[in-house]
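J.: This is the content of query09.pdb (PDB, C-alpha atoms):
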ATOM      1  CA  MET A   1       8.016  -9.542   5.329  1.00  0.00           C
ATOM      2  CA  LYS A   2       6.727  -6.992   7.776  1.00  0.00           C
ATOM      3  CA  LEU A   3       4.546  -4.149   6.555  1.00  0.00           C
ATOM      4  CA  THR A   4       5.784  -0.892   8.072  1.00  0.00           C
ATOM      5  CA  THR A   5       3.439   1.663   9.590  1.00  0.00           C
ATOM      6  CA  ARG A   6       4.255   3.964   6.677  1.00  0.00           C
ATOM      7  CA  ALA A   7       3.213   1.353   4.113  1.00  0.00           C
ATOM      8  CA  HIS A   8       0.184   0.254   6.129  1.00  0.00           C
ATOM      9  CA  TYR A   9      -1.134   3.812   6.526  1.00  0.00           C
ATOM     10  CA  SER A  10      -0.576   4.561   2.838  1.00  0.00           C
ATOM     11  CA  VAL A  11      -2.583   1.535   1.740  1.00  0.00           C
ATOM     12  CA  LYS A  12      -5.314   2.319   4.291  1.00  0.00           C
ATOM     13  CA  ALA A  13      -5.587   5.918   3.064  1.00  0.00           C
ATOM     14  CA  LEU A  14      -5.879   4.954  -0.595  1.00  0.00           C
ATOM     15  CA  LEU A  15      -8.346   2.208   0.181  1.00  0.00           C
ATOM     16  CA  ASP A  16     -10.383   4.747   2.145  1.00  0.00           C
ATOM     17  CA  LEU A  17     -10.489   6.958  -0.965  1.00  0.00           C
ATOM     18  CA  THR A  18     -11.584   3.942  -3.005  1.00  0.00           C
ATOM     19  CA  LEU A  19     -14.411   3.110  -0.606  1.00  0.00           C
ATOM     20  CA  GLN A  20     -15.998   6.550  -0.630  1.00  0.00           C
ATOM     21  CA  PRO A  21     -19.125   7.070  -2.747  1.00  0.00           C
ATOM     22  CA  LYS A  22     -18.628   8.665  -6.149  1.00  0.00           C
ATOM     23  CA  HIS A  23     -14.910   9.073  -5.467  1.00  0.00           C
ATOM     24  CA  LYS A  24     -15.415  12.700  -4.409  1.00  0.00           C
ATOM     25  CA  PRO A  25     -12.543  14.635  -2.751  1.00  0.00           C
ATOM     26  CA  ILE A  26     -11.979  13.560   0.831  1.00  0.00           C
ATOM     27  CA  SER A  27     -10.213  15.708   3.413  1.00  0.00           C
ATOM     28  CA  VAL A  28      -7.143  14.545   5.274  1.00  0.00           C
ATOM     29  CA  MET A  29      -9.030  14.938   8.557  1.00  0.00           C
ATOM     30  CA  ALA A  30     -11.892  12.715   7.386  1.00  0.00           C
ATOM     31  CA  ILE A  31      -9.504   9.941   6.321  1.00  0.00           C
ATOM     32  CA  ALA A  32      -7.428  10.341   9.484  1.00  0.00           C
ATOM     33  CA  GLN A  33     -10.475  10.057  11.730  1.00  0.00           C
ATOM     34  CA  ARG A  34     -11.983   7.072   9.922  1.00  0.00           C
ATOM     35  CA  GLN A  35      -8.703   5.161   9.731  1.00  0.00           C
ATOM     36  CA  ASP A  36      -7.202   6.269  13.060  1.00  0.00           C
ATOM     37  CA  ILE A  37      -4.109   7.771  11.441  1.00  0.00           C
ATOM     38  CA  PRO A  38      -2.426  10.908  12.797  1.00  0.00           C
ATOM     39  CA  ALA A  39      -3.438  13.693  10.389  1.00  0.00           C
ATOM     40  CA  PRO A  40       0.020  15.365  10.079  1.00  0.00           C
ATOM     41  CA  TYR A  41       1.605  12.009   9.259  1.00  0.00           C
ATOM     42  CA  LEU A  42      -1.157  11.206   6.768  1.00  0.00           C
ATOM     43  CA  GLU A  43      -0.694  14.576   5.077  1.00  0.00           C
ATOM     44  CA  LYS A  44       2.993  13.792   4.469  1.00  0.00           C
ATOM     45  CA  LEU A  45       2.129  10.389   3.011  1.00  0.00           C
ATOM     46  CA  LEU A  46      -0.529  11.859   0.720  1.00  0.00           C
ATOM     47  CA  ILE A  47       1.964  14.422  -0.578  1.00  0.00           C
ATOM     48  CA  GLU A  48       4.327  11.586  -1.511  1.00  0.00           C
ATOM     49  CA  LEU A  49       1.472   9.661  -3.130  1.00  0.00           C
ATOM     50  CA  ARG A  50       0.521  12.805  -5.079  1.00  0.00           C
ATOM     51  CA  ARG A  51       4.100  13.242  -6.309  1.00  0.00           C
ATOM     52  CA  ALA A  52       3.977   9.636  -7.532  1.00  0.00           C
ATOM     53  CA  GLY A  53       0.772  10.374  -9.465  1.00  0.00           C
ATOM     54  CA  LEU A  54      -1.461   8.043  -7.456  1.00  0.00           C
ATOM     55  CA  VAL A  55      -3.675  10.802  -6.026  1.00  0.00           C
ATOM     56  CA  TYR A  56      -4.396  14.427  -6.769  1.00  0.00           C
ATOM     57  CA  SER A  57      -5.534  17.195  -4.496  1.00  0.00           C
ATOM     58  CA  ILE A  58      -8.243  19.814  -4.797  1.00  0.00           C
ATOM     59  CA  ARG A  59      -7.926  22.988  -2.751  1.00  0.00           C
ATOM     60  CA  GLY A  60     -10.718  24.821  -1.029  1.00  0.00           C
ATOM     61  CA  PRO A  61     -13.502  24.157   1.460  1.00  0.00           C
ATOM     62  CA  GLN A  62     -14.865  21.237  -0.571  1.00  0.00           C
ATOM     63  CA  GLY A  63     -11.371  20.031  -1.456  1.00  0.00           C
ATOM     64  CA  GLY A  64      -9.405  17.024  -0.460  1.00  0.00           C
ATOM     65  CA  TYR A  65      -7.717  14.083  -2.123  1.00  0.00           C
ATOM     66  CA  CYS A  66      -8.940  11.811  -4.914  1.00  0.00           C
ATOM     67  CA  LEU A  67      -7.465   8.814  -6.652  1.00  0.00           C
ATOM     68  CA  ALA A  68      -5.667   9.834  -9.844  1.00  0.00           C
ATOM     69  CA  CYS A  69      -6.784   6.720 -11.723  1.00  0.00           C
ATOM     70  CA  PRO A  70      -9.185   3.802 -11.265  1.00  0.00           C
ATOM     71  CA  PRO A  71      -8.418   1.481  -8.330  1.00  0.00           C
ATOM     72  CA  ALA A  72      -7.781  -1.411 -10.713  1.00  0.00           C
ATOM     73  CA  GLN A  73      -4.797   0.523 -12.096  1.00  0.00           C
ATOM     74  CA  ILE A  74      -3.075   1.117  -8.752  1.00  0.00           C
ATOM     75  CA  SER A  75      -1.037  -1.804  -7.467  1.00  0.00           C
ATOM     76  CA  LEU A  76       0.178  -2.321  -3.935  1.00  0.00           C
ATOM     77  CA  GLY A  77       3.700  -2.335  -5.330  1.00  0.00           C
ATOM     78  CA  GLN A  78       3.183   1.177  -6.695  1.00  0.00           C
ATOM     79  CA  ILE A  79       1.876   2.400  -3.350  1.00  0.00           C
ATOM     80  CA  LEU A  80       4.850   0.988  -1.454  1.00  0.00           C
ATOM     81  CA  ALA A  81       7.302   2.422  -3.969  1.00  0.00           C
ATOM     82  CA  ALA A  82       5.621   5.843  -3.801  1.00  0.00           C
ATOM     83  CA  VAL A  83       6.288   6.131  -0.077  1.00  0.00           C
ATOM     84  CA  GLY A  84       9.809   4.743  -0.306  1.00  0.00           C
ATOM     85  CA  GLU A  85       9.175   1.281   1.076  1.00  0.00           C
ATOM     86  CA  THR A  86      11.061  -1.762  -0.070  1.00  0.00           C
ATOM     87  CA  ILE A  87      10.003  -5.345   0.301  1.00  0.00           C
ATOM     88  CA  ASN A  88      13.413  -6.966   0.317  1.00  0.00           C
ATOM     89  CA  PRO A  89      13.365  -9.702   2.968  1.00  0.00           C
ATOM     90  CA  LEU A  90      17.083  -9.456   3.735  1.00  0.00           C
ATOM     91  CA  PRO A  91      19.918  -7.096   2.891  1.00  0.00           C
ATOM     92  CA  HIS A  92      21.495  -8.068  -0.396  1.00  0.00           C
ATOM     93  CA  HIS A  93      24.785  -9.825  -0.023  1.00  0.00           C
ATOM     94  CA  GLN A  94      26.893 -12.124  -2.124  1.00  0.00           C
ATOM     95  CA  PRO A  95      27.515 -15.547  -0.609  1.00  0.00           C
ATOM     96  CA  GLN A  96      31.061 -16.874  -0.439  1.00  0.00           C
ATOM     97  CA  ARG A  97      32.099 -18.920  -3.490  1.00  0.00           C
ATOM     98  CA  ASP A  98      32.966 -22.038  -1.544  1.00  0.00           C
ATOM     99  CA  GLN A  99      29.812 -22.137   0.581  1.00  0.00           C
ATOM    100  CA  ALA A 100      27.172 -24.149  -1.307  1.00  0.00           C
ATOM    101  CA  THR A 101      24.651 -23.769   1.515  1.00  0.00           C
ATOM    102  CA  ASP A 102      25.031 -19.980   1.366  1.00  0.00           C
ATOM    103  CA  TRP A 103      24.202 -20.070  -2.346  1.00  0.00           C
ATOM    104  CA  VAL A 104      21.138 -22.262  -1.795  1.00  0.00           C
ATOM    105  CA  THR A 105      19.851 -19.878   0.861  1.00  0.00           C
ATOM    106  CA  TYR A 106      20.729 -16.887  -1.298  1.00  0.00           C
ATOM    107  CA  TRP A 107      18.760 -18.221  -4.274  1.00  0.00           C
ATOM    108  CA  LEU A 108      15.853 -19.240  -2.051  1.00  0.00           C
ATOM    109  CA  TRP A 109      15.539 -15.661  -0.733  1.00  0.00           C
ATOM    110  CA  GLN A 110      15.929 -14.261  -4.258  1.00  0.00           C
ATOM    111  CA  ARG A 111      13.058 -16.434  -5.503  1.00  0.00           C
ATOM    112  CA  LEU A 112      10.844 -15.510  -2.559  1.00  0.00           C
ATOM    113  CA  ASP A 113      11.643 -11.830  -3.101  1.00  0.00           C
ATOM    114  CA  ASP A 114      10.736 -12.119  -6.806  1.00  0.00           C
ATOM    115  CA  GLN A 115       7.452 -13.881  -6.012  1.00  0.00           C
ATOM    116  CA  LEU A 116       6.504 -11.297  -3.395  1.00  0.00           C
ATOM    117  CA  THR A 117       7.307  -8.428  -5.748  1.00  0.00           C
ATOM    118  CA  GLN A 118       5.198  -9.982  -8.501  1.00  0.00           C
ATOM    119  CA  ALA A 119       2.285 -10.547  -6.117  1.00  0.00           C
ATOM    120  CA  LEU A 120       2.361  -6.948  -4.860  1.00  0.00           C
ATOM    121  CA  ASN A 121       2.481  -5.650  -8.416  1.00  0.00           C
ATOM    122  CA  ARG A 122      -0.515  -7.811  -9.392  1.00  0.00           C
ATOM    123  CA  MET A 123      -2.669  -6.958  -6.376  1.00  0.00           C
ATOM    124  CA  THR A 124      -4.610  -3.723  -6.835  1.00  0.00           C
ATOM    125  CA  LEU A 125      -6.738  -1.365  -4.793  1.00  0.00           C
ATOM    126  CA  ALA A 126      -9.738  -2.804  -6.627  1.00  0.00           C
ATOM    127  CA  ASP A 127      -8.899  -6.236  -5.200  1.00  0.00           C
ATOM    128  CA  LEU A 128      -8.726  -4.780  -1.700  1.00  0.00           C
ATOM    129  CA  TYR A 129     -11.932  -2.827  -2.309  1.00  0.00           C
ATOM    130  CA  TYR A 130     -13.900  -5.996  -3.045  1.00  0.00           C
ATOM    131  CA  ASP A 131     -12.336  -7.731  -0.046  1.00  0.00           C
ATOM    132  CA  ALA A 132     -13.306  -4.810   2.226  1.00  0.00           C
ATOM    133  CA  ARG A 133     -16.865  -4.697   0.847  1.00  0.00           C
ATOM    134  CA  SER A 134     -17.241  -8.449   1.359  1.00  0.00           C
ATOM    135  CA  GLN A 135     -15.934  -8.192   4.912  1.00  0.00           C
ATOM    136  CA  ALA A 136     -18.294  -5.296   5.704  1.00  0.00           C
ATOM    137  CA  ALA A 137     -21.265  -7.153   4.190  1.00  0.00           C
ATOM    138  CA  SER A 138     -20.466 -10.293   6.159  1.00  0.00           C
ATOM    139  CA  GLN A 139     -20.632  -8.237   9.348  1.00  0.00           C
ATOM    140  CA  ASN A 140     -23.773  -6.334   8.290  1.00  0.00           C
ATOM    141  CA  ASN A 141     -21.771  -3.143   8.456  1.00  0.00           C
ATOM    142  CA  GLN A 142     -22.193  -1.420   5.094  1.00  0.00           C
ATOM    143  CA  ASP A 143     -21.358   2.108   6.290  1.00  0.00           C
ATOM    144  CA  GLN A 144     -18.120   1.636   8.215  1.00  0.00           C
ATOM    145  CA  PHE A 145     -14.960   1.128   6.220  1.00  0.00           C
ATOM    146  CA  VAL A 146     -12.136   1.083   8.703  1.00  0.00           C
ATOM    147  CA  VAL A 147      -9.313  -0.920   7.199  1.00  0.00           C
TER     148      VAL A 147
END
Using the file provided, produce a representation of the structure as structure tokens.

T.:
Amino acid sequence: MKLTTRAHYSVKALLDLTLQPKHKPISVMAIAQRQDIPAPYLEKLLIELRRAGLVYSIRGPQGGYCLACPPAQISLGQILAAVGETINPLPHHQPQRDQATDWVTYWLWQRLDDQLTQALNRMTLADLYYDARSQAASQNNQDQFVV
């Protein structure tokens, strides 16, 4: 499975929101600068994430985006779905009836797809948050959270 730029940026943006103190509203520009994401592209992704109910926005000079629920309640699967990403390893096809090896391969990919989907739905932003904090601490870099 290859993580697309769209999916990667979406996860980075939400993790950035998770890593900010007191979960206050964060501007698109601040996230874009910290995570090296083009701001117009990030804005489009955040709109999709807002429509999915994963973030909400606050208007005004002190506005920005916030997580709509605790990080432990937002799975990576939800994030990918919110921005229209799929994780299917191969296009779905039906193997030919008389080809046993096609069926074995087909079921192998189905099982791997199911396992990957389950893993993405179990893994949350909170999990990534603790990983990022541990990584930053191991490098004595408590203030920088570039993911």

J.: By how many Å are atom CA of A:Gly63 and atom CA of A:Asp36 apart?

T.: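 Computing it gives 20.4 Å between the two atoms.
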
J.: Check the smallest atom-to-atom distance from each of A:Leu14, A:Ile37, A:Leu19, A:Val104 to A:Ala68 using only C-alpha atoms, then report the winner.

T.: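 Answer, going by the shortest atom-to-atom distance: A:Leu14.
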
J.: Between A:Pro21, A:Met123, A:Cys69, A:Glu85, which is the closest to A:Thr5 once you count all atoms listed in the file?

T.: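 Ranking A:Pro21, A:Met123, A:Cys69, A:Glu85 by distance to A:Thr5, first place goes to A:Glu85.
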
J.: Between A:Gln73, A:Gln20, A:Thr4, A:Ser138, which residue has the minimum interatomic distance to A:Arg122, considering all atoms listed in the file?

T.: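 Ranked by minimum distance to A:Arg122, first place goes to A:Gln73.
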
J.: So what does the PyMOL selection byres ((chain A and resi 16) around 9) actually pick up in this one, as number ranges by chain?

T.: A: 11-15, 17-20, 31, 34-35, 129, 145-147

J.: Ranking A:Ala126, A:Leu3, A:Ala39, A:Val28 by minimum distance to A:Tyr65 and counting all atoms listed in the file, which one comes first?

T.: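 For A:Tyr65, the nearest of the candidates is A:Val28.
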
J.: Residues at most 10 Å from A:Ile79, counting only C-alpha atoms, excluding those fewer than 4 positions away in the same chain, as a list in words?

T.: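 Residues near the query, excluding close chain neighbours: Ala7, His8, Ser10, Val11, Leu14, Glu48, Leu49, Ala52, Leu54, Ile74, Ser75, Val83, Gly84, Glu85, Leu120, Asn121, Thr124 and Leu125 of chain A.
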
J.: Would you mind telling me which residue in A:Asp102, A:Pro38, A:Ala132, A:Leu76 lies nearest to A:Ala119 when using only C-alpha atoms?

T.: A:Leu76

J.: Go through A:Gln110, A:Pro25, A:Tyr41, A:Tyr9 one by one, measure the shortest atom-to-atom distance of each to A:Gly60 using only C-alpha atoms, and give the residue with the smallest value.

T.: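 The answer is A:Pro25, which sits nearest to A:Gly60.
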
J.: So that I can see what lies close to A:Gln62, please list as a PyMOL selection string the residues with an atom at most 10 Å from it, counting only C-alpha atoms and leaving out residues fewer than 6 positions away in the same chain.

T.: chain A and resi 24-27

J.: Could those selected residues go to a file with C-alpha atoms, as a PDB file, in the frame of the given file?

T.:
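To be explicit, this is the file written out as out_12.pdb:
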ATOM      1  CA  LYS A  24     -15.415  12.700  -4.409  1.00  0.00           C
ATOM      2  CA  PRO A  25     -12.543  14.635  -2.751  1.00  0.00           C
ATOM      3  CA  ILE A  26     -11.979  13.560   0.831  1.00  0.00           C
ATOM      4  CA  SER A  27     -10.213  15.708   3.413  1.00  0.00           C
TER       5      SER A  27
END

J.: Figure out the distance between atom CA of A:Ser57 and atom CA of A:Ala72, please, to one decimal in Å.

T.: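 Pair atom CA of A:Ala72 / atom CA of A:Ser57 returns 19.7 Å.
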
J.: Using Å and a single decimal, report how far atom CA of A:Thr117 sits from atom CA of A:Gln78.

T.: 10.5 Å
